[in-house]
Amino acid sequence: MSKNKNTNDDKIIRAVDIKGEKIHSEMDMSYGQYLNLKDVLASQNPVSDEHDEMLFIIIHQTSELWIKLCLHEVKGAIAQIQKDDPGPAFKMLARISLIQAQLIQSWEVLTTLTPSDYLKFRDKLGRSSGFQSYQYRLLEYLVGNKNESLAKIHENNDKAYVKLKDALNTASLYDETLKLLSRSGFKIPKESLERDWSQPYEASEAVEDVWLEIYQNETKHWVFYELAEKLVDFEQHFQHWRFSHLKTVERIIGHKRGTGGSSGAPYLAQALRLSFFPELWSVRTRL
């Protein structure tokens with residue numbers, strides 16, 4: 001047999017030790033090894049003996065995994081927009097909307113936790129809180145909710161803090177969208193294109209005029225029209241997720257302060273008034 005002929009033996013790779021498990025070839029890799037289930041399924045460590053704490057842990061762990069995927073997709077969408085090729089970003093943004101539907105459903109599952117169930121182990125949580133999720137804050141920064149003070153809670157986590165500061169000082173998804181419109185010949189004002197990215201975006205009548213032109217001529221500007229609608233879907237699902245979070249918190253702890261020191265439900269209610277892409281909503285009144 002020729003030494004150059006491809007056989008299954010060609011796929012044999014040197015032994016690799018993954019979390020203590022030997023893999024001698026890519027054909028030997030198991031489902032559990034590929035997904036690293038040994039560590040994943042060992043990561044649920046209740047701090048009490050209460051039955052319902054396992055639900056609480058798994059809901060928050062899976063939410064963090066979904067948010068990790070949202071970050072992956074947002075970064076991919078931004079990269080496509082920067083390359084003046086927003087088409088592939090449509091699928092990425094649509095996928096995020098569906099991920100957000102899963103996050104919304106997770107709150108429905110958590111509502112099976114009654115106030116008395118939660119109070120049995122709440123004091124054991126110390127100051128741990130979803131408010132401390134650096135991934136969630138990173139996602140907000142990437143899509144445009146810039147608020148430097150919200151990163152300070154992560155100052156003691158060097159790796160997370162660097163990522164947050166980088167996202168804070170970088171153009172957001174909406175900023176990149178406006179830059180794409182400008183490169184495509186639309187009259188985006190200079191102050192919307194050359195600004196301090198760490199500051200919250202301020203709505204512009206001139207930007208709204210551009211979106212009005214796109215919406216009134218969707219056939220001519222189909223790519224930008226479709227991008228706009230994907231962004232609106234994104235924000236609508238994001239707001240639904242925030243609302244579901246608020247109502248779940250109100251249902252379980254009412255208006256008690258959050259374990260991490262936030263005001264709890266009032267803070268979540270305030271977040272519902274924030275908009276990532278303001279002109280995409282205000283332009284509808286003019287159509």
# chains A, B, ... in the order shown; residues from 1 in each chain; ligands from 1
$ residues_around --residues "Ile188 in chain A" --least-positions-apart "4" --cutoff "9 Å" --atoms "only C-alpha atoms" --output "number ranges by chain"
A: 178-179, 181-182, 192-193, 206-207, 210
$ write_last_selection --atoms "N, CA and C atoms" --output "mmCIF file, in the first residue's frame"
data_model
loop_
_atom_site.group_PDB
_atom_site.id
_atom_site.type_symbol
_atom_site.label_atom_id
_atom_site.label_comp_id
_atom_site.auth_asym_id
_atom_site.auth_seq_id
_atom_site.Cartn_x
_atom_site.Cartn_y
_atom_site.Cartn_z
ATOM 1 N N LEU A 178 -24.123 53.006 11.722
ATOM 2 C CA LEU A 178 -24.153 54.376 11.217
ATOM 3 C C LEU A 178 -22.937 54.674 10.350
ATOM 4 N N LYS A 179 -21.788 54.113 10.721
ATOM 5 C CA LYS A 179 -20.588 54.302 9.891
ATOM 6 C C LYS A 179 -20.760 53.609 8.540
ATOM 7 N N LEU A 181 -23.634 53.221 6.983
ATOM 8 C CA LEU A 181 -24.541 54.089 6.224
ATOM 9 C C LEU A 181 -23.780 55.266 5.629
ATOM 10 N N SER A 182 -22.875 55.838 6.409
ATOM 11 C CA SER A 182 -22.089 56.969 5.919
ATOM 12 C C SER A 182 -21.213 56.548 4.739
ATOM 13 N N SER A 192 -22.146 62.173 15.002
ATOM 14 C CA SER A 192 -22.576 60.797 15.268
ATOM 15 C C SER A 192 -21.502 59.785 14.875
ATOM 16 N N LEU A 193 -20.538 60.244 14.102
ATOM 17 C CA LEU A 193 -19.490 59.350 13.586
ATOM 18 C C LEU A 193 -18.155 59.523 14.296
ATOM 19 N N ALA A 206 -31.082 64.128 12.262
ATOM 20 C CA ALA A 206 -30.497 63.867 10.948
ATOM 21 C C ALA A 206 -30.383 62.368 10.693
ATOM 22 N N VAL A 207 -30.041 61.606 11.714
ATOM 23 C CA VAL A 207 -29.978 60.145 11.577
ATOM 24 C C VAL A 207 -31.378 59.592 11.350
ATOM 25 N N VAL A 210 -32.303 59.848 7.797
ATOM 26 C CA VAL A 210 -31.700 58.801 6.960
ATOM 27 C C VAL A 210 -32.526 57.530 7.025
#
$ closest_atom_pairs --of "range 139-210 of chain A" --to "range 222-227 of chain A" --cutoff "10 Å" --atoms "only C-alpha atoms" --output "JSON lines"
{"residue": "A:Thr177", "atom": "CA", "partner": "A:Leu227", "partner_atom": "CA", "distance": 8.6}
{"residue": "A:Leu180", "atom": "CA", "partner": "A:Phe224", "partner_atom": "CA", "distance": 9.3}
{"residue": "A:Leu181", "atom": "CA", "partner": "A:Phe224", "partner_atom": "CA", "distance": 7.9}
{"residue": "A:Ser184", "atom": "CA", "partner": "A:Phe224", "partner_atom": "CA", "distance": 9.8}
$ write_last_selection --atoms "N, CA and C atoms" --output "mmCIF file, in the first residue's frame"
data_model
loop_
_atom_site.group_PDB
_atom_site.id
_atom_site.type_symbol
_atom_site.label_atom_id
_atom_site.label_comp_id
_atom_site.auth_asym_id
_atom_site.auth_seq_id
_atom_site.Cartn_x
_atom_site.Cartn_y
_atom_site.Cartn_z
ATOM 1 N N THR A 177 -23.092 50.510 12.499
ATOM 2 C CA THR A 177 -24.165 50.583 11.503
ATOM 3 C C THR A 177 -24.233 51.973 10.888
ATOM 4 N N LEU A 180 -21.412 52.465 8.532
ATOM 5 C CA LEU A 180 -21.708 51.774 7.274
ATOM 6 C C LEU A 180 -22.618 52.626 6.392
ATOM 7 N N LEU A 181 -23.634 53.221 6.983
ATOM 8 C CA LEU A 181 -24.541 54.089 6.224
ATOM 9 C C LEU A 181 -23.780 55.266 5.629
ATOM 10 N N SER A 184 -21.800 54.341 2.720
ATOM 11 C CA SER A 184 -22.670 53.982 1.602
ATOM 12 C C SER A 184 -23.345 55.188 0.970
#
$ residues_around --residues "Leu71 in chain A" --least-positions-apart "5" --cutoff "9 Å" --atoms "only C-alpha atoms" --output "PyMOL selection string"
chain A and resi 66+76+96+135-136+138-139+142
$ residues_around --residues "Glu194 in chain A" --least-positions-apart "3" --cutoff "10 Å" --atoms "only C-alpha atoms" --output "VMD selection string"
chain A and resid 171 175 179 189 to 191 197
$ write_last_selection --atoms "N, CA and C atoms" --output "PDB file, in the first residue's frame"
ATOM      1  N   ALA A 171     -16.490  51.528  19.286  1.00  0.00           N
ATOM      2  CA  ALA A 171     -17.774  51.770  18.616  1.00  0.00           C
ATOM      3  C   ALA A 171     -18.695  50.562  18.778  1.00  0.00           C
ATOM      4  N   ASP A 175     -23.191  52.111  16.372  1.00  0.00           N
ATOM      5  CA  ASP A 175     -22.189  53.046  15.843  1.00  0.00           C
ATOM      6  C   ASP A 175     -21.634  52.525  14.520  1.00  0.00           C
ATOM      7  N   LYS A 179     -21.788  54.113  10.721  1.00  0.00           N
ATOM      8  CA  LYS A 179     -20.588  54.302   9.891  1.00  0.00           C
ATOM      9  C   LYS A 179     -20.760  53.609   8.540  1.00  0.00           C
ATOM     10  N   PRO A 189     -24.553  62.715  10.310  1.00  0.00           N
ATOM     11  CA  PRO A 189     -23.810  63.872  10.829  1.00  0.00           C
ATOM     12  C   PRO A 189     -22.478  63.472  11.456  1.00  0.00           C
ATOM     13  N   LYS A 190     -21.514  64.354  11.332  1.00  0.00           N
ATOM     14  CA  LYS A 190     -20.162  64.095  11.822  1.00  0.00           C
ATOM     15  C   LYS A 190     -20.150  63.778  13.310  1.00  0.00           C
ATOM     16  N   GLU A 191     -20.993  64.466  14.076  1.00  0.00           N
ATOM     17  CA  GLU A 191     -20.993  64.256  15.524  1.00  0.00           C
ATOM     18  C   GLU A 191     -21.482  62.866  15.917  1.00  0.00           C
ATOM     19  N   TRP A 197     -16.686  57.151  22.136  1.00  0.00           N
ATOM     20  CA  TRP A 197     -17.507  55.929  22.122  1.00  0.00           C
ATOM     21  C   TRP A 197     -17.894  55.485  23.529  1.00  0.00           C
TER      22      TRP A 197
END
$ closest_residue --among "A:Ile78, A:Ala160, A:Leu212, A:Ala203" --to "Ser172 in chain A" --atoms "only C-alpha atoms"
A:Ile78
$ closest_residue --among "A:Leu41, A:Met29, A:Ile99, A:Ile57" --to "His72 in chain A" --atoms "only C-alpha atoms"
A:Ile99
$ residues_around --residues "Phe121 in chain A" --least-positions-apart "6" --cutoff "9 Å" --atoms "only C-alpha atoms" --output "PyMOL selection string"
chain A and resi 47-50+52-53
$ residues_around --residues "range 148-154 of chain A" --least-positions-apart "5" --cutoff "10 Å" --atoms "only C-alpha atoms" --output "list in words"
Phe131, Gln132, Ser133, Tyr134, Arg137, Leu138, Tyr141, Lys159, Ala160, Tyr161, Val162, Lys163, Leu164, Lys165, Leu168, Asn169, Ser198, Gln199 and Pro200 of chain A
$ closest_residue --among "A:Phe186, A:Phe90, A:Phe277, A:Phe243" --to "Ala265 in chain A" --atoms "only C-alpha atoms"
A:Phe243
$ closest_residue --among "A:Glu208, A:Thr112, A:Glu235, A:Leu103" --to "Val143 in chain A" --atoms "only C-alpha atoms"
A:Glu235
$ residues_around --residues "range 244-253 of chain A" --least-positions-apart "5" --cutoff "12 Å" --atoms "only C-alpha atoms" --output "PyMOL selection string"
chain A and resi 56+60+63+100-119+122+130-131+237-239+258-259+263-272
$ write_last_selection --atoms "C-alpha atoms" --output "compact mmCIF listing (two decimals), in the first residue's frame"
# COMPACT_ATOMS: atom_id res chain seq x y z
CA PHE A 56 -31.66 28.50 40.68
CA HIS A 60 -28.28 31.18 35.83
CA SER A 63 -28.27 31.92 30.91
CA GLN A 100 -33.26 35.78 23.67
CA ALA A 101 -36.50 33.83 23.35
CA GLN A 102 -34.75 30.99 25.20
CA LEU A 103 -33.60 33.43 27.87
CA ILE A 104 -37.16 34.71 28.25
CA GLN A 105 -38.42 31.14 28.66
CA SER A 106 -35.82 30.54 31.37
CA TRP A 107 -37.52 33.16 33.52
CA GLU A 108 -40.78 31.23 33.08
CA VAL A 109 -39.09 28.14 34.51
CA LEU A 110 -37.69 30.17 37.40
CA THR A 111 -41.18 31.40 38.32
CA THR A 112 -41.86 27.89 39.64
CA LEU A 113 -39.63 29.00 42.52
CA THR A 114 -42.00 30.51 45.10
CA PRO A 115 -41.00 33.33 47.47
CA SER A 116 -40.87 30.93 50.41
CA ASP A 117 -38.74 28.47 48.39
CA TYR A 118 -36.20 31.18 47.55
CA LEU A 119 -36.06 32.64 51.05
CA ARG A 122 -31.30 33.37 49.70
CA GLY A 130 -26.86 38.55 38.50
CA PHE A 131 -26.02 42.26 38.62
CA HIS A 237 -36.46 40.69 22.26
CA PHE A 238 -33.88 42.28 24.58
CA GLN A 239 -36.62 44.39 26.16
CA GLY A 258 -30.85 42.68 45.36
CA THR A 259 -28.31 40.39 47.03
CA SER A 263 -32.14 48.28 44.21
CA GLY A 264 -33.63 45.15 42.66
CA ALA A 265 -36.91 45.59 40.80
CA PRO A 266 -36.66 49.44 40.59
CA TYR A 267 -33.27 49.13 38.87
CA LEU A 268 -34.69 46.63 36.36
CA ALA A 269 -37.70 48.88 35.70
CA GLN A 270 -35.39 51.81 34.97
CA ALA A 271 -33.45 49.70 32.46
CA LEU A 272 -36.64 49.18 30.46
$ select_by_dssp --residues "range 79-223 of chain A" --states "alpha helix (DSSP H)" --output "PyMOL selection string"
chain A and resi 79-82+87-110+115-119+134-143+158-168+173-183+190-193+205-216+222-223
$ atom_distance --atom1 "CA of Trp281 in chain A" --atom2 "CA of Phe234 in chain A"
12.4 Å
